Amino acid sequence: MDIYRVLVKPTITEKSTMLQESGKYTFQVALKANKVEVKQAVEKEFNVTVLDVNITKLHGKRKRYGPRTSKQPDIKKAVVTLQQGDRINLIEGL
């Protein structure tokens, strides 16, 4: 897989912001991406050293609009642990 298509977007929530204090960053990644590809993409994109990658697949919820039913898309989320001292600035202007 192309290394630039692995990372979809960073996940910025209250919980992920608290994880950043301990050197863990969360990203939404491509559904076919694996741990090795995520590690290589983060190291190349942000010029940091990755120690560990944990991946979770979240299944989309089923929604109902009157007689029709639809399904939200599935997403894959990765929590990346960086080496002590490395940081990623996800929010520009800080």
# chains A, B, ... in the order shown; residues from 1 in each chain; ligands from 1
>>> select_by_dssp(residues="region 2-47 of chain A", states="strand (DSSP E)", output="list of chain:residue names")
A:Leu7, A:Val8, A:Lys9, A:Pro10, A:Lys24, A:Tyr25, A:Thr26, A:Phe27, A:Gln28, A:Val29
>>> write_last_selection(atoms="N, CA and C atoms", output="short mmCIF file (atom, residue, chain, number, x, y, z; two decimals), in the first residue's frame")
data_model
loop_
_atom_site.label_atom_id
_atom_site.label_comp_id
_atom_site.auth_asym_id
_atom_site.auth_seq_id
_atom_site.Cartn_x
_atom_site.Cartn_y
_atom_site.Cartn_z
N LEU A 7 -2.35 6.84 6.39
CA LEU A 7 -2.93 7.73 7.40
C LEU A 7 -4.06 8.55 6.76
N VAL A 8 -5.26 8.41 7.29
CA VAL A 8 -6.40 9.16 6.75
C VAL A 8 -6.48 10.52 7.42
N LYS A 9 -6.56 10.54 8.77
CA LYS A 9 -6.61 11.81 9.50
C LYS A 9 -6.31 11.54 10.96
N PRO A 10 -5.83 12.55 11.68
CA PRO A 10 -5.63 12.38 13.12
C PRO A 10 -6.97 12.44 13.84
N LYS A 24 1.31 9.15 23.25
CA LYS A 24 0.49 8.30 22.38
C LYS A 24 -0.41 9.17 21.53
N TYR A 25 -0.42 8.89 20.22
CA TYR A 25 -1.21 9.67 19.27
C TYR A 25 -2.14 8.74 18.52
N THR A 26 -3.37 9.20 18.23
CA THR A 26 -4.34 8.36 17.54
C THR A 26 -4.59 8.89 16.13
N PHE A 27 -4.74 7.98 15.19
CA PHE A 27 -5.00 8.30 13.79
C PHE A 27 -6.06 7.37 13.25
N GLN A 28 -6.87 7.90 12.33
CA GLN A 28 -7.72 7.02 11.54
C GLN A 28 -6.88 6.57 10.36
N VAL A 29 -6.86 5.26 10.10
CA VAL A 29 -6.00 4.72 9.05
C VAL A 29 -6.86 3.98 8.03
#
>>> residues_around(residues="Gln40 (chain A)", least_positions_apart="2", cutoff="10 Å", atoms="only C-alpha atoms", output="list in words")
Ile3, Val6, Lys35, Val36, Glu37, Val38, Val42, Glu43, Lys44, Glu45, Thr49 and Val50 of chain A
>>> residues_around(residues="region 69-86 of chain A", least_positions_apart="2", cutoff="9 Å", atoms="only C-alpha atoms", output="PyMOL selection string")
chain A and resi 11+16+22-33+35+38-39+42+48-67+88
>>> write_last_selection(atoms="N, CA and C atoms", output="compact mmCIF listing (two decimals), in the first residue's frame")
# COMPACT_ATOMS: atom_id res chain seq x y z
N THR A 11 -7.08 11.71 14.93
CA THR A 11 -8.29 11.74 15.75
C THR A 11 -8.05 12.71 16.90
N SER A 16 -8.07 11.38 23.29
CA SER A 16 -6.82 11.33 22.54
C SER A 16 -5.89 12.47 22.93
N SER A 22 1.17 11.38 27.35
CA SER A 22 2.03 10.22 27.62
C SER A 22 2.72 9.72 26.35
N GLY A 23 2.69 10.50 25.27
CA GLY A 23 3.40 10.14 24.05
C GLY A 23 2.65 9.21 23.13
N LYS A 24 1.31 9.15 23.25
CA LYS A 24 0.49 8.30 22.38
C LYS A 24 -0.41 9.17 21.53
N TYR A 25 -0.42 8.89 20.22
CA TYR A 25 -1.21 9.67 19.27
C TYR A 25 -2.14 8.74 18.52
N THR A 26 -3.37 9.20 18.23
CA THR A 26 -4.34 8.36 17.54
C THR A 26 -4.59 8.89 16.13
N PHE A 27 -4.74 7.98 15.19
CA PHE A 27 -5.00 8.30 13.79
C PHE A 27 -6.06 7.37 13.25
N GLN A 28 -6.87 7.90 12.33
CA GLN A 28 -7.72 7.02 11.54
C GLN A 28 -6.88 6.57 10.36
N VAL A 29 -6.86 5.26 10.10
CA VAL A 29 -6.00 4.72 9.05
C VAL A 29 -6.86 3.98 8.03
N ALA A 30 -6.27 3.64 6.89
CA ALA A 30 -6.97 2.92 5.84
C ALA A 30 -7.37 1.54 6.34
N LEU A 31 -8.49 1.02 5.83
CA LEU A 31 -9.01 -0.27 6.30
C LEU A 31 -8.07 -1.43 6.01
N LYS A 32 -7.25 -1.32 4.97
CA LYS A 32 -6.34 -2.42 4.63
C LYS A 32 -4.94 -2.24 5.19
N ALA A 33 -4.72 -1.20 5.98
CA ALA A 33 -3.40 -0.92 6.53
C ALA A 33 -3.10 -1.86 7.70
N LYS A 35 0.01 -2.88 10.95
CA LYS A 35 0.85 -2.18 11.92
C LYS A 35 2.16 -1.71 11.32
N VAL A 38 1.56 1.36 9.14
CA VAL A 38 1.26 2.54 9.97
C VAL A 38 2.54 3.07 10.60
N LYS A 39 3.38 2.19 11.11
CA LYS A 39 4.64 2.61 11.72
C LYS A 39 5.53 3.34 10.71
N VAL A 42 4.01 6.89 9.82
CA VAL A 42 4.16 7.91 10.87
C VAL A 42 5.62 8.34 10.97
N VAL A 48 9.70 10.95 13.42
CA VAL A 48 9.77 10.54 14.83
C VAL A 48 10.08 9.04 14.87
N THR A 49 10.36 8.53 16.07
CA THR A 49 10.62 7.10 16.25
C THR A 49 9.41 6.47 16.93
N VAL A 50 8.81 5.46 16.28
CA VAL A 50 7.63 4.78 16.79
C VAL A 50 8.05 3.52 17.53
N LEU A 51 7.58 3.37 18.77
CA LEU A 51 7.89 2.19 19.56
C LEU A 51 6.83 1.11 19.43
N ASP A 52 5.54 1.50 19.36
CA ASP A 52 4.46 0.51 19.36
C ASP A 52 3.27 1.05 18.58
N VAL A 53 2.51 0.14 17.95
CA VAL A 53 1.29 0.50 17.23
C VAL A 53 0.20 -0.48 17.65
N ASN A 54 -0.94 0.05 18.09
CA ASN A 54 -2.12 -0.76 18.40
C ASN A 54 -3.23 -0.35 17.46
N ILE A 55 -3.90 -1.35 16.85
CA ILE A 55 -4.93 -1.07 15.85
C ILE A 55 -6.26 -1.67 16.30
N THR A 56 -7.34 -0.90 16.10
CA THR A 56 -8.69 -1.33 16.40
C THR A 56 -9.57 -1.07 15.19
N LYS A 57 -10.43 -2.04 14.87
CA LYS A 57 -11.39 -1.84 13.79
C LYS A 57 -12.75 -1.58 14.41
N LEU A 58 -13.35 -0.44 14.06
CA LEU A 58 -14.65 -0.06 14.57
C LEU A 58 -15.70 -0.25 13.49
N HIS A 59 -16.72 -1.05 13.78
CA HIS A 59 -17.78 -1.30 12.81
C HIS A 59 -18.80 -0.17 12.87
N GLY A 60 -19.27 0.25 11.69
CA GLY A 60 -20.20 1.36 11.60
C GLY A 60 -21.57 1.00 12.15
N LYS A 61 -22.22 2.01 12.74
CA LYS A 61 -23.55 1.79 13.31
C LYS A 61 -24.60 1.68 12.21
N ARG A 62 -25.66 0.97 12.51
CA ARG A 62 -26.80 0.90 11.60
C ARG A 62 -27.79 2.00 12.01
N LYS A 63 -28.22 2.77 11.03
CA LYS A 63 -29.16 3.86 11.27
C LYS A 63 -30.45 3.58 10.52
N ARG A 64 -31.54 4.13 11.04
CA ARG A 64 -32.82 3.92 10.39
C ARG A 64 -33.49 5.27 10.17
N TYR A 65 -33.89 5.52 8.93
CA TYR A 65 -34.58 6.75 8.56
C TYR A 65 -35.93 6.34 7.99
N GLY A 66 -36.96 6.29 8.84
CA GLY A 66 -38.27 5.83 8.40
C GLY A 66 -38.19 4.38 7.97
N PRO A 67 -38.64 4.07 6.76
CA PRO A 67 -38.60 2.67 6.32
C PRO A 67 -37.21 2.22 5.85
N ILE A 88 4.48 15.12 18.13
CA ILE A 88 3.84 15.45 16.87
C ILE A 88 2.91 16.62 17.15
>>> atom_distance(atom1="CA of Asn34 (chain A)", atom2="CA of Asn47 (chain A)")
19.4 Å
>>> closest_residue(among="A:Ala41, A:Thr13, A:Arg5, A:Gln20", to="Asn89 (chain A)", atoms="only C-alpha atoms")
A:Gln20
>>> select_by_dssp(residues="chain A", states="helix (DSSP H, G or I)", output="PyMOL selection string")
chain A and resi 3-5+14-20+35-46
>>> closest_residue(among="A:Glu21, A:Ile12, A:Met1, A:Arg68", to="Ile91 (chain A)", atoms="only C-alpha atoms")
A:Ile12
>>> decode(residues="region 24-70 of chain A", atoms="N, CA and C atoms", output="mmCIF file, in the first residue's frame")
data_model
loop_
_atom_site.group_PDB
_atom_site.id
_atom_site.type_symbol
_atom_site.label_atom_id
_atom_site.label_comp_id
_atom_site.auth_asym_id
_atom_site.auth_seq_id
_atom_site.Cartn_x
_atom_site.Cartn_y
_atom_site.Cartn_z
ATOM 1 N N LYS A 24 1.306 9.148 23.248
ATOM 2 C CA LYS A 24 0.488 8.296 22.383
ATOM 3 C C LYS A 24 -0.410 9.167 21.526
ATOM 4 N N TYR A 25 -0.425 8.888 20.222
ATOM 5 C CA TYR A 25 -1.208 9.672 19.274
ATOM 6 C C TYR A 25 -2.140 8.738 18.525
ATOM 7 N N THR A 26 -3.366 9.200 18.227
ATOM 8 C CA THR A 26 -4.342 8.364 17.537
ATOM 9 C C THR A 26 -4.590 8.895 16.133
ATOM 10 N N PHE A 27 -4.740 7.976 15.187
ATOM 11 C CA PHE A 27 -4.995 8.303 13.792
ATOM 12 C C PHE A 27 -6.063 7.371 13.247
ATOM 13 N N GLN A 28 -6.867 7.898 12.329
ATOM 14 C CA GLN A 28 -7.725 7.024 11.543
ATOM 15 C C GLN A 28 -6.883 6.574 10.357
ATOM 16 N N VAL A 29 -6.859 5.261 10.104
ATOM 17 C CA VAL A 29 -6.004 4.716 9.049
ATOM 18 C C VAL A 29 -6.864 3.980 8.028
ATOM 19 N N ALA A 30 -6.267 3.643 6.895
ATOM 20 C CA ALA A 30 -6.968 2.918 5.843
ATOM 21 C C ALA A 30 -7.375 1.540 6.344
ATOM 22 N N LEU A 31 -8.491 1.016 5.831
ATOM 23 C CA LEU A 31 -9.013 -0.269 6.299
ATOM 24 C C LEU A 31 -8.067 -1.432 6.011
ATOM 25 N N LYS A 32 -7.254 -1.325 4.974
ATOM 26 C CA LYS A 32 -6.342 -2.422 4.626
ATOM 27 C C LYS A 32 -4.941 -2.241 5.186
ATOM 28 N N ALA A 33 -4.725 -1.195 5.979
ATOM 29 C CA ALA A 33 -3.398 -0.921 6.534
ATOM 30 C C ALA A 33 -3.102 -1.861 7.700
ATOM 31 N N ASN A 34 -1.832 -2.242 7.840
ATOM 32 C CA ASN A 34 -1.420 -3.057 8.979
ATOM 33 C C ASN A 34 -0.449 -2.265 9.852
ATOM 34 N N LYS A 35 0.007 -2.883 10.947
ATOM 35 C CA LYS A 35 0.852 -2.182 11.919
ATOM 36 C C LYS A 35 2.162 -1.707 11.319
ATOM 37 N N VAL A 36 2.772 -2.526 10.479
ATOM 38 C CA VAL A 36 4.066 -2.170 9.888
ATOM 39 C C VAL A 36 3.917 -0.954 8.979
ATOM 40 N N GLU A 37 2.854 -0.936 8.170
ATOM 41 C CA GLU A 37 2.630 0.198 7.275
ATOM 42 C C GLU A 37 2.333 1.479 8.052
ATOM 43 N N VAL A 38 1.563 1.363 9.144
ATOM 44 C CA VAL A 38 1.258 2.539 9.965
ATOM 45 C C VAL A 38 2.537 3.073 10.597
ATOM 46 N N LYS A 39 3.383 2.187 11.106
ATOM 47 C CA LYS A 39 4.639 2.607 11.720
ATOM 48 C C LYS A 39 5.528 3.336 10.715
ATOM 49 N N GLN A 40 5.673 2.775 9.512
ATOM 50 C CA GLN A 40 6.503 3.402 8.487
ATOM 51 C C GLN A 40 5.944 4.748 8.059
ATOM 52 N N ALA A 41 4.611 4.854 7.942
ATOM 53 C CA ALA A 41 3.988 6.101 7.509
ATOM 54 C C ALA A 41 4.189 7.206 8.545
ATOM 55 N N VAL A 42 4.006 6.889 9.824
ATOM 56 C CA VAL A 42 4.165 7.909 10.869
ATOM 57 C C VAL A 42 5.623 8.342 10.966
ATOM 58 N N GLU A 43 6.551 7.387 10.908
ATOM 59 C CA GLU A 43 7.968 7.737 10.998
ATOM 60 C C GLU A 43 8.406 8.611 9.826
ATOM 61 N N LYS A 44 7.918 8.307 8.630
ATOM 62 C CA LYS A 44 8.319 9.083 7.460
ATOM 63 C C LYS A 44 7.636 10.453 7.435
ATOM 64 N N GLU A 45 6.361 10.506 7.791
ATOM 65 C CA GLU A 45 5.605 11.751 7.710
ATOM 66 C C GLU A 45 6.020 12.764 8.770
ATOM 67 N N PHE A 46 6.225 12.307 10.011
ATOM 68 C CA PHE A 46 6.475 13.233 11.111
ATOM 69 C C PHE A 46 7.917 13.215 11.620
ATOM 70 N N ASN A 47 8.774 12.358 11.060
ATOM 71 C CA ASN A 47 10.190 12.280 11.425
ATOM 72 C C ASN A 47 10.369 12.015 12.923
ATOM 73 N N VAL A 48 9.700 10.954 13.425
ATOM 74 C CA VAL A 48 9.769 10.541 14.827
ATOM 75 C C VAL A 48 10.081 9.042 14.874
ATOM 76 N N THR A 49 10.360 8.529 16.069
ATOM 77 C CA THR A 49 10.617 7.100 16.254
ATOM 78 C C THR A 49 9.406 6.469 16.931
ATOM 79 N N VAL A 50 8.814 5.460 16.276
ATOM 80 C CA VAL A 50 7.628 4.785 16.792
ATOM 81 C C VAL A 50 8.055 3.521 17.529
ATOM 82 N N LEU A 51 7.578 3.371 18.770
ATOM 83 C CA LEU A 51 7.887 2.189 19.561
ATOM 84 C C LEU A 51 6.829 1.109 19.430
ATOM 85 N N ASP A 52 5.543 1.497 19.358
ATOM 86 C CA ASP A 52 4.463 0.513 19.360
ATOM 87 C C ASP A 52 3.268 1.055 18.580
ATOM 88 N N VAL A 53 2.510 0.138 17.953
ATOM 89 C CA VAL A 53 1.293 0.495 17.235
ATOM 90 C C VAL A 53 0.196 -0.481 17.649
ATOM 91 N N ASN A 54 -0.939 0.053 18.093
ATOM 92 C CA ASN A 54 -2.116 -0.758 18.404
ATOM 93 C C ASN A 54 -3.232 -0.347 17.462
ATOM 94 N N ILE A 55 -3.896 -1.345 16.846
ATOM 95 C CA ILE A 55 -4.932 -1.067 15.853
ATOM 96 C C ILE A 55 -6.256 -1.667 16.302
ATOM 97 N N THR A 56 -7.336 -0.898 16.097
ATOM 98 C CA THR A 56 -8.691 -1.334 16.403
ATOM 99 C C THR A 56 -9.570 -1.070 15.194
ATOM 100 N N LYS A 57 -10.433 -2.042 14.867
ATOM 101 C CA LYS A 57 -11.393 -1.844 13.789
ATOM 102 C C LYS A 57 -12.754 -1.579 14.409
ATOM 103 N N LEU A 58 -13.354 -0.443 14.056
ATOM 104 C CA LEU A 58 -14.654 -0.057 14.574
ATOM 105 C C LEU A 58 -15.702 -0.247 13.488
ATOM 106 N N HIS A 59 -16.723 -1.047 13.780
ATOM 107 C CA HIS A 59 -17.782 -1.304 12.815
ATOM 108 C C HIS A 59 -18.796 -0.170 12.865
ATOM 109 N N GLY A 60 -19.269 0.249 11.688
ATOM 110 C CA GLY A 60 -20.201 1.358 11.599
ATOM 111 C C GLY A 60 -21.571 1.004 12.154
ATOM 112 N N LYS A 61 -22.220 2.008 12.740
ATOM 113 C CA LYS A 61 -23.549 1.792 13.310
ATOM 114 C C LYS A 61 -24.597 1.683 12.205
ATOM 115 N N ARG A 62 -25.656 0.967 12.507
ATOM 116 C CA ARG A 62 -26.804 0.904 11.603
ATOM 117 C C ARG A 62 -27.789 1.995 12.007
ATOM 118 N N LYS A 63 -28.219 2.774 11.028
ATOM 119 C CA LYS A 63 -29.158 3.865 11.267
ATOM 120 C C LYS A 63 -30.452 3.578 10.517
ATOM 121 N N ARG A 64 -31.537 4.129 11.038
ATOM 122 C CA ARG A 64 -32.820 3.924 10.394
ATOM 123 C C ARG A 64 -33.486 5.269 10.172
ATOM 124 N N TYR A 65 -33.888 5.522 8.928
ATOM 125 C CA TYR A 65 -34.584 6.751 8.562
ATOM 126 C C TYR A 65 -35.932 6.341 7.991
ATOM 127 N N GLY A 66 -36.956 6.292 8.845
ATOM 128 C CA GLY A 66 -38.275 5.834 8.401
ATOM 129 C C GLY A 66 -38.191 4.380 7.973
ATOM 130 N N PRO A 67 -38.640 4.073 6.763
ATOM 131 C CA PRO A 67 -38.600 2.669 6.324
ATOM 132 C C PRO A 67 -37.212 2.219 5.853
ATOM 133 N N ARG A 68 -36.303 3.164 5.610
ATOM 134 C CA ARG A 68 -34.980 2.811 5.074
ATOM 135 C C ARG A 68 -33.974 2.578 6.199
ATOM 136 N N THR A 69 -33.093 1.636 5.985
ATOM 137 C CA THR A 69 -31.986 1.436 6.905
ATOM 138 C C THR A 69 -30.688 1.677 6.144
ATOM 139 N N SER A 70 -29.711 2.215 6.843
ATOM 140 C CA SER A 70 -28.393 2.438 6.236
ATOM 141 C C SER A 70 -27.340 2.126 7.286
#
